[in-house]
Structures are given as structure tokens and as C-alpha cells.
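Containing compact mmCIF, N, CA and C atoms: target-v9.txt.
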# COMPACT_ATOMS: atom_id res chain seq x y z
N ASP A 144 -11.00 0.49 5.77
CA ASP A 144 -12.31 0.10 5.29
C ASP A 144 -12.78 1.07 4.22
N PRO A 145 -13.56 0.57 3.26
CA PRO A 145 -14.14 1.48 2.28
C PRO A 145 -15.07 2.47 2.98
N PRO A 146 -15.20 3.67 2.43
CA PRO A 146 -16.08 4.66 3.07
C PRO A 146 -17.53 4.21 3.03
N ALA A 147 -18.26 4.54 4.09
CA ALA A 147 -19.69 4.20 4.18
C ALA A 147 -20.35 5.15 5.16
N GLN A 148 -21.63 5.32 4.99
CA GLN A 148 -22.43 6.10 5.93
C GLN A 148 -22.86 5.16 7.05
N ALA A 149 -22.40 5.41 8.25
CA ALA A 149 -22.63 4.51 9.38
C ALA A 149 -24.12 4.31 9.68
N HIS A 150 -24.95 5.29 9.37
CA HIS A 150 -26.38 5.21 9.67
C HIS A 150 -27.18 4.46 8.60
N SER A 151 -26.53 4.07 7.50
CA SER A 151 -27.22 3.48 6.36
C SER A 151 -26.84 2.02 6.15
N PRO A 152 -27.77 1.10 6.42
CA PRO A 152 -27.47 -0.32 6.20
C PRO A 152 -27.07 -0.63 4.75
N THR A 153 -27.69 0.05 3.79
CA THR A 153 -27.33 -0.23 2.40
C THR A 153 -25.93 0.29 2.07
N SER A 154 -25.56 1.43 2.63
CA SER A 154 -24.22 1.96 2.42
C SER A 154 -23.18 1.04 3.05
N LEU A 155 -23.46 0.57 4.24
CA LEU A 155 -22.54 -0.36 4.92
C LEU A 155 -22.40 -1.65 4.12
N ALA A 156 -23.52 -2.16 3.59
CA ALA A 156 -23.48 -3.39 2.79
C ALA A 156 -22.67 -3.19 1.51
N ALA A 157 -22.85 -2.04 0.87
CA ALA A 157 -22.11 -1.75 -0.35
C ALA A 157 -20.62 -1.67 -0.07
N ALA A 158 -20.26 -1.00 1.01
CA ALA A 158 -18.85 -0.88 1.38
C ALA A 158 -18.25 -2.25 1.66
N GLU A 159 -18.99 -3.08 2.36
CA GLU A 159 -18.50 -4.43 2.67
C GLU A 159 -18.29 -5.24 1.40
N SER A 160 -19.17 -5.05 0.41
CA SER A 160 -19.08 -5.84 -0.82
C SER A 160 -17.85 -5.49 -1.65
N ILE A 161 -17.31 -4.27 -1.47
CA ILE A 161 -16.14 -3.89 -2.26
C ILE A 161 -14.84 -3.95 -1.47
N ARG A 162 -14.94 -4.36 -0.21
CA ARG A 162 -13.74 -4.45 0.62
C ARG A 162 -12.72 -5.35 -0.07
N LYS A 163 -11.50 -4.88 -0.13
CA LYS A 163 -10.44 -5.66 -0.76
C LYS A 163 -9.84 -6.64 0.22
N SER A 164 -9.63 -7.83 -0.25
CA SER A 164 -8.89 -8.80 0.56
C SER A 164 -7.44 -8.79 0.09
N ILE A 165 -6.60 -9.41 0.86
CA ILE A 165 -5.19 -9.48 0.49
C ILE A 165 -5.04 -10.45 -0.68
N GLY A 166 -4.63 -9.92 -1.80
CA GLY A 166 -4.41 -10.73 -2.99
C GLY A 166 -2.93 -11.00 -3.20
N PRO A 167 -2.60 -11.72 -4.27
CA PRO A 167 -1.20 -12.07 -4.51
C PRO A 167 -0.28 -10.86 -4.72
N LEU A 168 -0.78 -9.81 -5.36
CA LEU A 168 0.06 -8.63 -5.55
C LEU A 168 0.28 -7.89 -4.23
N HIS A 169 -0.77 -7.83 -3.40
CA HIS A 169 -0.61 -7.25 -2.07
C HIS A 169 0.43 -8.04 -1.28
N ARG A 170 0.34 -9.37 -1.36
CA ARG A 170 1.26 -10.24 -0.62
C ARG A 170 2.69 -10.00 -1.06
N GLN A 171 2.92 -9.82 -2.35
CA GLN A 171 4.29 -9.56 -2.84
C GLN A 171 4.84 -8.28 -2.21
N ILE A 172 4.01 -7.24 -2.18
CA ILE A 172 4.46 -5.97 -1.61
C ILE A 172 4.72 -6.13 -0.12
N LEU A 173 3.81 -6.79 0.60
CA LEU A 173 4.01 -7.00 2.04
C LEU A 173 5.28 -7.81 2.30
N ASP A 174 5.49 -8.87 1.53
CA ASP A 174 6.68 -9.70 1.71
C ASP A 174 7.95 -8.89 1.45
N HIS A 175 7.91 -8.03 0.43
CA HIS A 175 9.09 -7.21 0.15
C HIS A 175 9.36 -6.25 1.30
N LEU A 176 8.32 -5.59 1.79
CA LEU A 176 8.51 -4.63 2.88
C LEU A 176 8.98 -5.34 4.15
N LYS A 177 8.58 -6.59 4.31
CA LYS A 177 9.04 -7.36 5.47
C LYS A 177 10.52 -7.68 5.34
N SER A 178 11.01 -7.82 4.11
CA SER A 178 12.40 -8.23 3.88
C SER A 178 13.39 -7.07 3.92
N CYS A 179 12.89 -5.84 4.00
CA CYS A 179 13.78 -4.69 3.97
C CYS A 179 13.34 -3.68 5.03
N ASP A 180 14.05 -2.60 5.11
CA ASP A 180 13.74 -1.56 6.10
C ASP A 180 12.87 -0.48 5.46
N GLY A 181 11.76 -0.92 4.84
CA GLY A 181 10.87 0.01 4.16
C GLY A 181 11.35 0.28 2.75
N ALA A 182 10.45 0.80 1.92
CA ALA A 182 10.79 1.05 0.53
C ALA A 182 9.86 2.11 -0.04
N THR A 183 10.38 2.84 -1.02
CA THR A 183 9.57 3.80 -1.77
C THR A 183 8.79 3.03 -2.83
N ASP A 184 7.83 3.69 -3.45
CA ASP A 184 7.11 3.06 -4.56
C ASP A 184 8.09 2.64 -5.65
N GLU A 185 9.01 3.51 -5.98
CA GLU A 185 9.99 3.21 -7.02
C GLU A 185 10.82 1.97 -6.66
N GLU A 186 11.24 1.87 -5.40
CA GLU A 186 12.03 0.72 -4.95
C GLU A 186 11.20 -0.56 -4.99
N ILE A 187 9.93 -0.46 -4.60
CA ILE A 187 9.04 -1.64 -4.64
C ILE A 187 8.87 -2.10 -6.08
N MET A 188 8.61 -1.14 -6.99
CA MET A 188 8.42 -1.49 -8.40
C MET A 188 9.65 -2.19 -8.97
N ALA A 189 10.82 -1.67 -8.65
CA ALA A 189 12.07 -2.25 -9.17
C ALA A 189 12.31 -3.64 -8.60
N ALA A 190 12.12 -3.80 -7.30
CA ALA A 190 12.39 -5.08 -6.64
C ALA A 190 11.44 -6.17 -7.13
N LEU A 191 10.19 -5.79 -7.41
CA LEU A 191 9.18 -6.79 -7.79
C LEU A 191 8.93 -6.84 -9.29
N ASP A 192 9.65 -6.03 -10.05
CA ASP A 192 9.43 -5.94 -11.49
C ASP A 192 7.94 -5.72 -11.77
N MET A 193 7.39 -4.72 -11.09
CA MET A 193 5.97 -4.42 -11.14
C MET A 193 5.79 -3.00 -11.66
N GLY A 194 4.93 -2.81 -12.62
CA GLY A 194 4.67 -1.48 -13.16
C GLY A 194 4.00 -0.57 -12.14
N GLY A 195 4.18 0.72 -12.33
CA GLY A 195 3.61 1.70 -11.42
C GLY A 195 2.10 1.67 -11.35
N ASN A 196 1.44 1.41 -12.49
CA ASN A 196 -0.01 1.37 -12.50
C ASN A 196 -0.55 0.11 -11.81
N THR A 197 0.31 -0.81 -11.50
CA THR A 197 -0.07 -1.99 -10.71
C THR A 197 0.34 -1.78 -9.25
N GLU A 198 1.57 -1.35 -9.04
CA GLU A 198 2.10 -1.24 -7.67
C GLU A 198 1.41 -0.15 -6.86
N ARG A 199 1.29 1.05 -7.41
CA ARG A 199 0.76 2.17 -6.60
C ARG A 199 -0.66 1.92 -6.09
N PRO A 200 -1.59 1.43 -6.92
CA PRO A 200 -2.92 1.17 -6.37
C PRO A 200 -2.92 0.07 -5.30
N ARG A 201 -2.10 -0.98 -5.48
CA ARG A 201 -2.04 -2.05 -4.47
C ARG A 201 -1.42 -1.52 -3.18
N ARG A 202 -0.39 -0.66 -3.31
CA ARG A 202 0.21 -0.07 -2.12
C ARG A 202 -0.79 0.81 -1.40
N ARG A 203 -1.55 1.59 -2.15
CA ARG A 203 -2.57 2.45 -1.53
C ARG A 203 -3.64 1.62 -0.83
N GLU A 204 -4.05 0.53 -1.44
CA GLU A 204 -5.03 -0.35 -0.81
C GLU A 204 -4.49 -0.91 0.50
N LEU A 205 -3.23 -1.29 0.50
CA LEU A 205 -2.62 -1.78 1.74
C LEU A 205 -2.58 -0.70 2.81
N GLU A 206 -2.33 0.53 2.38
CA GLU A 206 -2.34 1.65 3.32
C GLU A 206 -3.75 1.84 3.90
N LEU A 207 -4.77 1.80 3.05
CA LEU A 207 -6.15 1.96 3.51
C LEU A 207 -6.59 0.80 4.41
N MET A 208 -6.02 -0.37 4.19
CA MET A 208 -6.31 -1.54 5.03
C MET A 208 -5.59 -1.47 6.37
N GLY A 209 -4.68 -0.51 6.51
CA GLY A 209 -3.91 -0.41 7.75
C GLY A 209 -2.77 -1.38 7.85
N ARG A 210 -2.37 -1.97 6.73
CA ARG A 210 -1.28 -2.95 6.73
C ARG A 210 0.09 -2.29 6.59
N ILE A 211 0.15 -1.12 5.94
CA ILE A 211 1.41 -0.39 5.80
C ILE A 211 1.17 1.07 6.14
N VAL A 212 2.26 1.77 6.48
CA VAL A 212 2.17 3.17 6.86
C VAL A 212 3.34 3.96 6.29
N ASN A 213 3.13 5.25 6.19
CA ASN A 213 4.19 6.18 5.85
C ASN A 213 5.16 6.18 7.03
N SER A 214 6.41 5.89 6.76
CA SER A 214 7.40 5.79 7.84
C SER A 214 7.81 7.14 8.41
N GLY A 215 7.46 8.21 7.70
CA GLY A 215 7.93 9.54 8.10
C GLY A 215 9.31 9.86 7.55
N VAL A 216 9.86 8.93 6.79
CA VAL A 216 11.18 9.07 6.18
C VAL A 216 10.97 9.19 4.67
N THR A 217 11.86 9.92 4.02
CA THR A 217 11.84 9.98 2.56
C THR A 217 13.21 9.59 2.03
N ARG A 218 13.22 9.16 0.76
CA ARG A 218 14.46 8.87 0.06
C ARG A 218 14.37 9.49 -1.32
N GLN A 219 15.51 9.78 -1.89
CA GLN A 219 15.54 10.33 -3.24
C GLN A 219 15.23 9.25 -4.27
N THR A 220 14.43 9.65 -5.26
CA THR A 220 14.17 8.78 -6.40
C THR A 220 15.27 8.97 -7.43
N ARG A 221 15.21 8.21 -8.50
CA ARG A 221 16.20 8.36 -9.56
C ARG A 221 16.19 9.76 -10.16
N SER A 222 15.01 10.40 -10.12
CA SER A 222 14.90 11.76 -10.68
C SER A 222 15.35 12.83 -9.70
N GLY A 223 15.73 12.42 -8.48
CA GLY A 223 16.21 13.37 -7.49
C GLY A 223 15.14 13.94 -6.58
N ARG A 224 13.90 13.51 -6.77
CA ARG A 224 12.80 13.97 -5.91
C ARG A 224 12.72 13.08 -4.67
N GLU A 225 12.13 13.64 -3.63
CA GLU A 225 11.95 12.88 -2.40
C GLU A 225 10.67 12.04 -2.50
N ALA A 226 10.71 10.82 -1.99
CA ALA A 226 9.56 9.93 -2.01
C ALA A 226 9.39 9.29 -0.63
N VAL A 227 8.15 9.05 -0.28
CA VAL A 227 7.81 8.42 1.00
C VAL A 227 8.38 7.01 1.05
N VAL A 228 8.92 6.64 2.20
CA VAL A 228 9.33 5.27 2.46
C VAL A 228 8.19 4.61 3.21
N TRP A 229 7.66 3.53 2.64
CA TRP A 229 6.55 2.79 3.24
C TRP A 229 7.09 1.64 4.06
N LYS A 230 6.43 1.35 5.17
CA LYS A 230 6.85 0.25 6.03
C LYS A 230 5.62 -0.49 6.53
N LEU A 231 5.85 -1.71 7.02
CA LEU A 231 4.75 -2.48 7.59
C LEU A 231 4.25 -1.81 8.86
N GLU A 232 2.96 -1.82 9.04
CA GLU A 232 2.37 -1.33 10.28
C GLU A 232 2.67 -2.36 11.37
N GLN A 233 3.10 -1.90 12.52
CA GLN A 233 3.37 -2.84 13.60
C GLN A 233 2.09 -3.56 13.98
N GLY A 234 2.17 -4.87 14.11
CA GLY A 234 1.01 -5.67 14.48
C GLY A 234 0.10 -6.01 13.32
N ALA A 235 0.41 -5.52 12.12
CA ALA A 235 -0.45 -5.81 10.97
C ALA A 235 -0.07 -7.12 10.32
Serialized structure, C-alpha cells:
Amino acid sequence: DPPAQAHSPTSLAAAESIRKSIGPLHRQILDHLKSCDGATDEEIMAALDMGGNTERPRRRELELMGRIVNSGVTRQTRSGREAVVWKLEQGA
């Protein structure tokens, strides 16, 4: 959920108004993660032919929605750095 002050009706209303729903780009990422054993941002971008400035914010939104989680596993990127493997949250 978007951040809000629990004691403030106007803050709660504002947070509700900006809550993200699952859109087509979110659905593509979820469908991809469902089809594999988790994926890094780089792997998601490559599989979906999606730019990083599109994929990363949608992935983060899914994480904030509780739909995906950090698997606790990392994989090497093309540059040799370690990257988080994202997976579907059980029951999400």
C-alpha cells in the first residue's frame, strides 16, 4: 500500500487515490515470473523486450503490492555483478 498516516483521513484518502492496480506491464512481469523459476531485472527485461526504465518501476510496484518477493537468491548479470532473483509471492 502507498504510505499514509493512519490517523489522518485525508492522508488515507490520498494514498488510496494513488494505489496502483495491476496493469498490462505488471501482468507481463507476473506471467513471466510464473513461467520460470524467478528472474533478475535483467532477465525480465530481456525476456519481455522491456527497457529498464519501464521494467524496474513496475517490478518495484509489484514488490510493494506484495505480489513478488526477493527470493534470497542472486545470479550474475552480464556485467558479472550479482542481482536479486525475484519470484512470485506464494498466495499472491
Based on the backbone DSSP call, show me all residues of stretch 152-231 of chain A assigned helix (DSSP H, G or I), as number ranges by chain. A: 152-161, 167-178, 184-191, 195-207
Here atom C of A:Arg201 and atom C of A:Leu168 stand apart by 6.7 Å
Exercise. Give me the residues within 12 Å of A:Asp180 as number ranges by chain, counting only C-alpha atoms and dropping any in the same chain fewer than 2 places off.
Key: A: 173-178, 182-183, 186-187, 214, 216, 228-231
*Show me as a VMD selection string the residues that reach within 8 Å of (-4.1, -3.7, 3.4), counting only N, CA and C atoms and using the file's own coordinates.*
chain A and resid 163 to 165 169 201 to 211
* Name the residues of chain A that fall into strand (DSSP E) according to DSSP on the backbone, using the chain letters and numbers of this document, as a list in words. =>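 Strand (DSSP E) assignments inside chain A correspond to Ile211, Val212, Asn213, Ser214, Gly215, Val216, Thr217, Arg218, Gln219, Glu225, Ala226, Val227, Val228, Trp229, Lys230 and Leu231 of chain A.
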Note to self: Measuring between only N, CA and C atoms, which one of A:Ser222, A:Glu198, A:Val227, A:Thr153 shows the shortest distance to A:Gly181?
What the structure shows: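 Going through A:Ser222, A:Glu198, A:Val227, A:Thr153 one by one, the smallest distance to A:Gly181 is for A:Val227.
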request  = Rounded to one decimal place, report the atom N of A:Arg221-atom C of A:Met188 distance in Å.
outcome  =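 Going from atom N of A:Arg221 over to atom C of A:Met188, I get 11.8 Å.
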*Counting only C-alpha atoms, figure out which residue out of A:Ser154, A:Gln148, A:Gln233, A:Thr220 gets nearest to A:Ala189.*
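Result for the nearest residue to A:Ala189: A:Thr220.
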Exercise for the section: In Å, rounded to a single decimal, give me how far atom N of A:Ala147 is from atom N of A:Val212. Expected result: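 Atom N of A:Val212 sits 20.8 Å away from atom N of A:Ala147.
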Return stretch 182-195 of chain A, completed with N, CA, C and O atoms, as a compact mmCIF listing (two decimals), in the frame of the given file.
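Dumped everything to out09.txt:
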# COMPACT_ATOMS: atom_id res chain seq x y z
N ALA A 182 10.45 0.80 1.92
CA ALA A 182 10.79 1.05 0.53
C ALA A 182 9.86 2.11 -0.04
O ALA A 182 8.72 2.25 0.38
N THR A 183 10.38 2.84 -1.02
CA THR A 183 9.57 3.80 -1.77
C THR A 183 8.79 3.03 -2.83
O THR A 183 9.10 1.87 -3.14
N ASP A 184 7.83 3.69 -3.45
CA ASP A 184 7.11 3.06 -4.56
C ASP A 184 8.09 2.64 -5.65
O ASP A 184 8.01 1.52 -6.16
N GLU A 185 9.01 3.51 -5.98
CA GLU A 185 9.99 3.21 -7.02
C GLU A 185 10.82 1.97 -6.66
O GLU A 185 11.07 1.11 -7.51
N GLU A 186 11.24 1.87 -5.40
CA GLU A 186 12.03 0.72 -4.95
C GLU A 186 11.20 -0.56 -4.99
O GLU A 186 11.71 -1.63 -5.36
N ILE A 187 9.93 -0.46 -4.60
CA ILE A 187 9.04 -1.64 -4.64
C ILE A 187 8.87 -2.10 -6.08
O ILE A 187 8.99 -3.29 -6.38
N MET A 188 8.61 -1.14 -6.99
CA MET A 188 8.42 -1.49 -8.40
C MET A 188 9.65 -2.19 -8.97
O MET A 188 9.53 -3.19 -9.68
N ALA A 189 10.82 -1.67 -8.65
CA ALA A 189 12.07 -2.25 -9.17
C ALA A 189 12.31 -3.64 -8.60
O ALA A 189 12.64 -4.58 -9.33
N ALA A 190 12.12 -3.80 -7.30
CA ALA A 190 12.39 -5.08 -6.64
C ALA A 190 11.44 -6.17 -7.13
O ALA A 190 11.83 -7.34 -7.23
N LEU A 191 10.19 -5.79 -7.41
CA LEU A 191 9.18 -6.79 -7.79
C LEU A 191 8.93 -6.84 -9.29
O LEU A 191 8.07 -7.60 -9.73
N ASP A 192 9.65 -6.03 -10.05
CA ASP A 192 9.43 -5.94 -11.49
C ASP A 192 7.94 -5.72 -11.77
O ASP A 192 7.32 -6.44 -12.55
N MET A 193 7.39 -4.72 -11.09
CA MET A 193 5.97 -4.42 -11.14
C MET A 193 5.79 -3.00 -11.66
O MET A 193 6.47 -2.08 -11.19
N GLY A 194 4.93 -2.81 -12.62
CA GLY A 194 4.67 -1.48 -13.16
C GLY A 194 4.00 -0.57 -12.14
O GLY A 194 3.32 -1.03 -11.22
N GLY A 195 4.18 0.72 -12.33
CA GLY A 195 3.61 1.70 -11.42
C GLY A 195 2.10 1.67 -11.35
O GLY A 195 1.51 1.88 -10.29
